[in-house]
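Heads up, protein-v6.txt below (compact mmCIF, C-alpha atoms and all ligand atoms):
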# COMPACT_ATOMS: atom_id res chain seq x y z
CA MET A 1 -22.02 22.99 1.73
CA PRO A 2 -22.45 19.50 3.15
CA GLU A 3 -21.09 19.47 6.71
CA LEU A 4 -20.17 16.66 9.10
CA PRO A 5 -23.68 15.14 9.53
CA GLU A 6 -24.44 15.11 5.80
CA VAL A 7 -21.05 13.70 4.84
CA ARG A 8 -21.02 11.07 7.60
CA ALA A 9 -24.53 9.83 6.82
CA HIS A 10 -23.61 9.71 3.13
CA ALA A 11 -20.46 7.72 3.91
CA GLU A 12 -22.63 5.21 5.80
CA ARG A 13 -25.06 5.05 2.87
CA LEU A 14 -22.28 4.42 0.33
CA ASP A 15 -20.55 1.94 2.64
CA GLY A 16 -23.75 -0.09 2.91
CA ALA A 17 -24.22 -0.12 -0.86
CA PHE A 18 -20.65 -0.54 -2.16
CA ALA A 19 -18.30 -1.97 0.51
CA GLY A 20 -16.82 -5.29 -0.58
CA THR A 21 -17.26 -4.54 -4.28
CA ARG A 22 -14.16 -4.77 -6.48
CA LEU A 23 -12.99 -1.72 -8.42
CA ALA A 24 -12.91 -2.25 -12.21
CA SER A 25 -11.78 1.21 -13.25
CA PHE A 26 -11.23 4.75 -12.09
CA ARG A 27 -11.28 7.74 -14.42
CA ALA A 28 -10.89 11.46 -13.86
CA LEU A 29 -13.44 13.24 -16.05
CA SER A 30 -12.16 16.79 -15.58
CA PHE A 31 -8.70 18.31 -15.64
CA THR A 32 -9.11 19.61 -12.11
CA ALA A 33 -10.34 16.33 -10.59
CA LEU A 34 -7.05 14.87 -9.37
CA LYS A 35 -5.20 16.71 -6.63
CA THR A 36 -2.29 14.24 -6.40
CA PHE A 37 0.35 12.96 -8.87
CA ALA A 38 1.29 9.73 -7.11
CA PRO A 39 0.31 7.01 -6.62
CA ALA A 40 -1.33 6.44 -10.01
CA PRO A 41 -5.09 6.96 -9.72
CA GLU A 42 -5.76 3.43 -11.04
CA VAL A 43 -3.76 1.89 -8.17
CA ALA A 44 -6.85 0.41 -6.51
CA VAL A 45 -8.18 -1.37 -9.61
CA ASP A 46 -8.88 -5.06 -8.88
CA HIS A 47 -9.08 -4.36 -5.15
CA PRO A 48 -12.34 -4.49 -3.17
CA LEU A 49 -13.63 -1.36 -1.44
CA ALA A 50 -12.86 -2.02 2.23
CA TYR A 51 -15.10 0.73 3.58
CA VAL A 52 -16.35 4.28 3.08
CA ASP A 53 -15.51 6.73 5.83
CA GLN A 54 -15.76 10.43 6.67
CA ARG A 55 -13.30 12.91 8.12
CA GLY A 56 -14.39 16.52 8.52
CA LYS A 57 -16.16 17.39 5.29
CA HIS A 58 -14.27 14.71 3.32
CA LEU A 59 -15.41 11.30 2.10
CA LEU A 60 -12.88 8.43 2.10
CA LEU A 61 -13.06 5.40 -0.19
CA ASP A 62 -10.59 3.00 1.41
CA PHE A 63 -9.37 0.17 -0.84
CA GLY A 64 -6.59 -0.98 1.50
CA VAL A 65 -3.90 -0.49 -1.13
CA ALA A 66 -4.90 3.18 -1.45
CA THR A 67 -7.55 5.62 -0.27
CA TYR A 68 -9.45 8.09 -2.43
CA VAL A 69 -10.12 11.20 -0.35
CA ILE A 70 -12.92 13.28 -1.83
CA HIS A 71 -13.87 16.86 -1.01
CA LEU A 72 -17.31 17.82 -2.31
CA MET A 73 -16.85 21.54 -1.59
CA GLN A 74 -20.05 23.52 -2.22
CA GLY A 75 -21.75 21.79 -5.14
CA GLY A 76 -20.08 18.38 -5.34
CA ARG A 77 -21.99 15.13 -5.03
CA LEU A 78 -20.90 11.48 -5.09
CA ARG A 79 -23.76 9.30 -6.23
CA PRO A 80 -24.50 5.92 -7.79
CA ASP A 81 -24.15 6.43 -11.54
CA GLU A 82 -26.97 4.62 -13.29
CA LYS A 83 -26.48 6.07 -16.77
CA GLN A 84 -22.68 5.94 -16.95
CA SER A 85 -22.82 8.30 -19.93
CA ALA A 86 -19.57 9.22 -21.70
CA LYS A 87 -19.77 12.91 -20.79
CA PRO A 88 -21.93 13.34 -17.69
CA ARG A 89 -23.00 16.87 -16.82
CA GLY A 90 -20.63 18.33 -14.22
CA GLY A 91 -18.65 15.07 -14.19
CA VAL A 92 -15.46 15.13 -12.09
CA ALA A 93 -14.52 11.46 -11.62
CA ARG A 94 -16.00 7.98 -11.90
CA TRP A 95 -15.37 4.69 -10.12
CA VAL A 96 -16.73 1.62 -11.95
CA PHE A 97 -17.09 -1.62 -9.99
CA ASP A 98 -16.86 -5.15 -11.34
CA ASP A 99 -20.56 -5.82 -10.70
CA GLY A 100 -21.35 -3.14 -13.31
CA ARG A 101 -22.34 -0.39 -10.88
CA ALA A 102 -20.48 2.90 -10.61
CA LEU A 103 -20.04 5.98 -8.46
CA LEU A 104 -19.93 9.38 -10.14
CA LEU A 105 -18.48 12.53 -8.58
CA THR A 106 -20.14 15.61 -10.04
CA GLU A 107 -19.91 19.29 -9.26
CA ALA A 108 -22.66 21.78 -10.02
CA GLY A 109 -21.73 25.25 -11.25
CA THR A 110 -18.42 26.43 -12.63
CA GLU A 111 -16.23 26.57 -9.52
CA ARG A 112 -14.25 23.37 -10.19
CA LYS A 113 -13.13 22.99 -6.59
CA ALA A 114 -14.34 19.48 -5.78
CA GLY A 115 -11.57 16.96 -6.13
CA VAL A 116 -9.95 13.62 -5.39
CA TRP A 117 -6.70 12.89 -3.59
CA VAL A 118 -5.23 9.41 -4.10
CA ILE A 119 -3.40 8.48 -0.91
CA ASP A 120 -0.89 5.72 -0.25
CA GLY A 121 -0.60 4.85 3.45
CA ASP A 122 -2.32 6.57 6.37
CA PRO A 123 -4.46 9.42 4.97
CA GLU A 124 -4.62 11.12 8.38
CA VAL A 125 -1.00 12.26 8.16
CA GLN A 126 -1.06 13.48 4.54
CA PRO A 127 -2.79 16.34 2.72
CA PRO A 128 -5.60 17.20 2.69
CA LEU A 129 -6.50 15.57 6.04
CA ASP A 130 -3.26 16.27 7.93
CA HIS A 131 -4.17 19.88 8.69
CA LEU A 132 -7.62 19.10 10.14
CA GLY A 133 -8.53 19.71 13.74
CA PRO A 134 -10.43 17.12 15.80
CA GLU A 135 -13.88 16.00 14.62
CA ALA A 136 -16.44 18.46 15.93
CA ASP A 137 -18.41 15.82 17.87
CA THR A 138 -15.37 14.34 19.63
CA VAL A 139 -13.68 17.46 20.98
CA THR A 140 -13.81 17.76 24.80
CA PRO A 141 -14.62 20.97 26.72
CA GLU A 142 -11.03 21.09 28.02
CA ALA A 143 -9.55 20.75 24.54
CA LEU A 144 -11.99 23.29 23.15
CA LEU A 145 -11.14 25.83 25.85
CA GLU A 146 -7.49 25.44 24.94
CA ILE A 147 -8.34 26.00 21.27
CA LEU A 148 -10.50 29.04 22.09
CA HIS A 149 -7.72 30.64 24.09
CA SER A 150 -4.87 29.76 21.70
CA THR A 151 -6.29 31.96 18.92
CA ASN A 152 -8.40 34.98 19.73
CA GLY A 153 -10.98 35.15 16.98
CA ARG A 154 -14.70 35.56 16.60
CA ILE A 155 -16.35 32.31 17.58
CA HIS A 156 -18.39 31.88 14.37
CA GLY A 157 -15.26 32.09 12.22
CA LEU A 158 -13.25 29.90 14.55
CA LEU A 159 -15.84 27.12 14.50
CA ARG A 160 -15.70 27.10 10.69
CA ASP A 161 -11.91 26.91 10.53
CA GLN A 162 -11.24 23.26 9.60
CA ARG A 163 -7.70 23.46 11.03
CA VAL A 164 -9.23 24.20 14.43
CA ILE A 165 -12.28 21.90 14.45
CA ALA A 166 -13.28 19.68 11.53
CA GLY A 167 -16.77 19.32 10.08
CA ILE A 168 -18.51 22.61 10.85
CA GLY A 169 -19.62 25.02 8.12
CA ARG A 170 -21.80 28.09 8.03
CA ARG A 171 -25.03 26.35 8.90
CA LEU A 172 -23.73 24.44 11.91
CA ALA A 173 -21.79 27.48 13.13
CA ASN A 174 -25.03 29.45 13.19
CA GLU A 175 -26.90 26.65 14.93
CA VAL A 176 -24.14 25.89 17.45
CA CYS A 177 -23.81 29.55 18.52
CA HIS A 178 -27.58 29.79 18.92
CA ARG A 179 -27.84 26.60 20.93
CA ALA A 180 -24.90 27.62 23.13
CA ARG A 181 -26.50 31.06 23.69
CA LEU A 182 -23.35 32.81 22.48
CA SER A 183 -23.02 35.75 20.14
CA PRO A 184 -21.50 34.55 16.85
CA PHE A 185 -19.11 37.52 17.20
CA ALA A 186 -17.98 36.81 20.76
CA MET A 187 -14.19 36.80 20.99
CA SER A 188 -12.93 33.29 21.73
CA GLY A 189 -10.24 34.51 24.11
CA LYS A 190 -12.86 35.87 26.47
CA LEU A 191 -14.85 32.64 26.76
CA ASP A 192 -14.57 30.53 29.91
CA GLY A 193 -14.93 26.89 30.86
CA ALA A 194 -18.71 27.09 31.13
CA ASP A 195 -18.90 28.60 27.62
CA ALA A 196 -16.69 25.82 26.27
CA GLU A 197 -18.93 23.24 27.90
CA ARG A 198 -22.04 24.79 26.36
CA LEU A 199 -20.32 24.91 22.96
CA VAL A 200 -19.36 21.24 23.16
CA GLU A 201 -22.90 20.26 24.16
CA ALA A 202 -24.28 22.41 21.35
CA MET A 203 -21.95 20.89 18.74
CA ARG A 204 -22.84 17.36 19.79
CA ALA A 205 -26.57 18.08 19.87
CA CYS A 206 -26.63 19.85 16.49
CA ILE A 207 -24.54 17.13 14.86
CA SER A 208 -26.60 14.30 16.30
CA GLU A 209 -29.83 16.02 15.16
CA GLY A 210 -28.38 16.48 11.69
CA LEU A 211 -27.24 12.85 11.59
CA ALA A 212 -30.67 11.54 12.62
CA PHE A 213 -32.25 13.64 9.87
CA GLU A 214 -29.77 12.55 7.20
CA ARG A 215 -29.90 8.88 8.13
CA GLY A 216 -33.62 8.86 7.39
CA ARG A 217 -33.01 9.94 3.80
CA GLU A 218 -31.93 8.16 0.61
CA ASP A 219 -29.65 10.97 -0.57
CA MET A 220 -27.91 13.99 0.87
CA SER A 221 -30.37 16.74 1.82
CA ALA A 222 -30.49 20.24 0.37
CA SER A 223 -29.22 22.91 2.74
CA LYS A 224 -32.59 24.62 3.16
CA ASP A 225 -34.27 21.37 4.30
CA ARG A 226 -31.85 20.64 7.14
CA PRO A 227 -33.10 20.97 10.72
CA GLY A 228 -32.27 24.09 12.72
CA ALA A 229 -33.46 27.14 14.62
CA VAL A 230 -31.81 30.12 12.88
CA HIS A 231 -29.97 29.16 9.68
CA HIS A 232 -31.98 30.18 6.57
CA ARG A 233 -34.70 31.40 8.95
CA LYS A 234 -34.31 35.17 8.76
CA GLY A 235 -37.53 36.89 9.82
CA GLU A 236 -39.01 33.74 11.34
CA GLU A 237 -39.65 33.27 15.04
CA CYS A 238 -36.90 31.84 17.21
CA PRO A 239 -38.30 28.47 18.34
CA ASP A 240 -36.85 28.99 21.83
CA CYS A 241 -38.00 32.50 22.72
CA GLY A 242 -40.25 33.86 19.97
CA ASP A 243 -37.98 36.78 19.06
CA VAL A 244 -37.34 37.29 15.35
CA VAL A 245 -34.30 35.63 13.75
CA ARG A 246 -31.89 38.25 12.43
CA THR A 247 -28.88 38.12 10.13
CA VAL A 248 -25.62 39.88 9.48
CA GLU A 249 -25.09 39.66 5.71
CA TYR A 250 -21.79 39.02 4.00
CA ARG A 251 -21.19 38.87 0.26
CA SER A 252 -21.59 35.12 -0.02
CA TYR A 253 -23.29 34.07 3.21
CA GLU A 254 -25.08 35.30 6.28
CA VAL A 255 -24.64 34.89 10.01
CA ALA A 256 -28.05 34.17 11.55
CA TYR A 257 -28.78 34.72 15.23
CA CYS A 258 -31.45 35.50 17.83
CA ALA A 259 -30.76 38.68 19.78
CA SER A 260 -32.81 37.62 22.83
CA CYS A 261 -31.07 34.23 23.08
CA GLN A 262 -27.54 35.25 22.13
CA THR A 263 -26.64 38.92 22.52
CA GLY A 264 -28.67 40.07 25.51
CA GLY A 265 -31.17 41.65 23.14
CA LYS A 266 -28.59 43.70 21.24
CA VAL A 267 -29.26 43.89 17.52
CA LEU A 268 -26.02 43.57 15.60
CA ALA A 269 -25.39 46.13 12.86
CA ASP A 270 -25.73 44.59 9.43
CA ASN A 271 -22.33 45.73 8.27
CA THR A 272 -19.14 43.74 8.61
CA THR A 273 -16.99 46.76 9.40
CA SER A 274 -19.28 48.04 12.12
CA LYS A 275 -17.77 48.71 15.51
CA PHE A 276 -20.99 47.35 17.02
CA LEU A 277 -20.07 43.77 16.13
CA LYS A 278 -19.04 42.75 19.58
ZN ZN B 1 -34.35 33.16 20.75
Take the structure in the file and give it back as structure tokens.
Ligand SMILES: [Zn+2]
Amino acid sequence: MPELPEVRAHAERLDGAFAGTRLASFRALSFTALKTFAPAPEVAVDHPLAYVDQRGKHLLLDFGVATYVIHLMQGGRLRPDEKQSAKPRGGVARWVFDDGRALLLTEAGTERKAGVWVIDGDPEVQPPLDHLGPEADTVTPEALLEILHSTNGRIHGLLRDQRVIAGIGRRLANEVCHRARLSPFAMSGKLDGADAERLVEAMRACISEGLAFERGREDMSASKDRPGAVHHRKGEECPDCGDVVRTVEYRSYEVAYCASCQTGGKVLADNTTSKFLK
């Protein structure tokens, strides 16, 4: 899933290409595309795109009179639509601009989870953005420590909870835990100020690395190409210590870690119900 760096760099890309262009039409192409009933989805027609922004894993097309908030989920993409065919493969929604260009939201696969919210007024205080925690690269060590102690959960899961911190998914959670030298299964309630500081540094470093990588590209990267030390690197050498990268496998994803760097050398049992996951 695209995370904060991918979505922010893409917002910048789209802003550079489309900001200032007037909207000619908007059309939902699938029944599940629109997540809101009001205002009408055509409300921004005849208005210029003020800017494209990012919040958490969401893209925002701000037309002043209304904002389209887009969640790509796992397989969604928002790209310039050169063909503008009547029934594009995986088509979710299309914005056509008065210079003839268009943006097409597509979703690969059959999940039908990507969608568009049409928002009147400040999008920050309305669904789906109103429940988001602070952006992962702006949270302070003090604020993070408060968050860590307010809910006692495993750090990997907590980092991925968008209501707690916005913008981190499975890949960044793996990379942040590795960089902070913390077990992905450490209980947040037991972490101290120094841990929070290392986590904040790790989040900022991982996000800024990801951003630098994405900004050098013409389109959003594929997950396997993104920079990192442990994610998608099972069996490879940890770049920091040379130990082998290990994983704990779940049905739909894996937690990747380096035992030498993160768990004092302890190999975590590859079973989610194991009592050894400490
Ligand atoms: Zn290591």
Test item: residues at most 8 Å from Leu172 (chain A), all atoms listed in the file, excluding those fewer than 5 positions along its chain, as a PyMOL selection string: chain A and resi 3+203+206-207
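Using only C-alpha atoms, the residues found no farther than 12 Å from Pro88 (chain A), other than those of its own chain fewer than 2 positions away, are Ala28, Leu29, Ser30, Asp81, Glu82, Lys83, Gln84, Ser85, Ala86, Gly90, Gly91, Val92, Ala93, Arg94, Leu103, Leu104, Leu105, Thr106, Glu107 and Ala108 of chain A.
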Protein and nucleic acid residues near (-16.5, -4.1, 1.7) (cut-off 12 Å, only C-alpha atoms) as a ChimeraX atom specification: /A:12,14-23,47-53,61-64,97
Radius query 12 Å about (-11.0, 19.9, 25.9), atoms used: only C-alpha atoms, as a ChimeraX atom specification: /A:134,136-149,165,192-197,199-200
Separation of CA of Ala229 (chain A) from CA of Glu175 (chain A), in Å and rounded to one decimal: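 Interatomic distance, CA of Ala229 (chain A) to CA of Glu175 (chain A): 6.6 Å.
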Ala256 (chain A) environment, 9 Å, all atoms listed in the file, sequence neighbours closer than 5 positions dropped, as a PyMOL selection string: chain A and resi 171+174-175+178+184+230-234+245-249
Requested write-out: C-alpha atoms of the selected residues, as an mmCIF file, keeping the file's coordinate frame:
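Printed below is selection_27.cif as written:
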data_model
loop_
_atom_site.group_PDB
_atom_site.id
_atom_site.type_symbol
_atom_site.label_atom_id
_atom_site.label_comp_id
_atom_site.auth_asym_id
_atom_site.auth_seq_id
_atom_site.Cartn_x
_atom_site.Cartn_y
_atom_site.Cartn_z
ATOM 1 C CA ARG A 171 -25.030 26.350 8.900
ATOM 2 C CA ASN A 174 -25.030 29.450 13.190
ATOM 3 C CA GLU A 175 -26.900 26.650 14.930
ATOM 4 C CA HIS A 178 -27.580 29.790 18.920
ATOM 5 C CA PRO A 184 -21.500 34.550 16.850
ATOM 6 C CA VAL A 230 -31.810 30.120 12.880
ATOM 7 C CA HIS A 231 -29.970 29.160 9.680
ATOM 8 C CA HIS A 232 -31.980 30.180 6.570
ATOM 9 C CA ARG A 233 -34.700 31.400 8.950
ATOM 10 C CA LYS A 234 -34.310 35.170 8.760
ATOM 11 C CA VAL A 245 -34.300 35.630 13.750
ATOM 12 C CA ARG A 246 -31.890 38.250 12.430
ATOM 13 C CA THR A 247 -28.880 38.120 10.130
ATOM 14 C CA VAL A 248 -25.620 39.880 9.480
ATOM 15 C CA GLU A 249 -25.090 39.660 5.710
#
Selection as a ChimeraX atom specification: residues within 12 Å of ligand ZN 1 (chain B) by only C-alpha atoms and all ligand atoms: /A:175,177-183,229-230,233,235-246,256-265
Length of the CA of Ile168 (chain A) to CA of His156 (chain A) vector [Å]: 9.9 Å
For CA of Glu124 (chain A) and CA of His58 (chain A), the interatomic separation in Å (one decimal):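 Atom-to-atom, CA of Glu124 (chain A) and CA of His58 (chain A) are spaced 11.5 Å apart.
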Counting all atoms listed in the file, the residue of A:Ser223, A:Thr110, A:Thr67, A:Gln162 that sits nearest Pro39 (chain A):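 Distance minimum relative to Pro39 (chain A) lands on A:Thr67.
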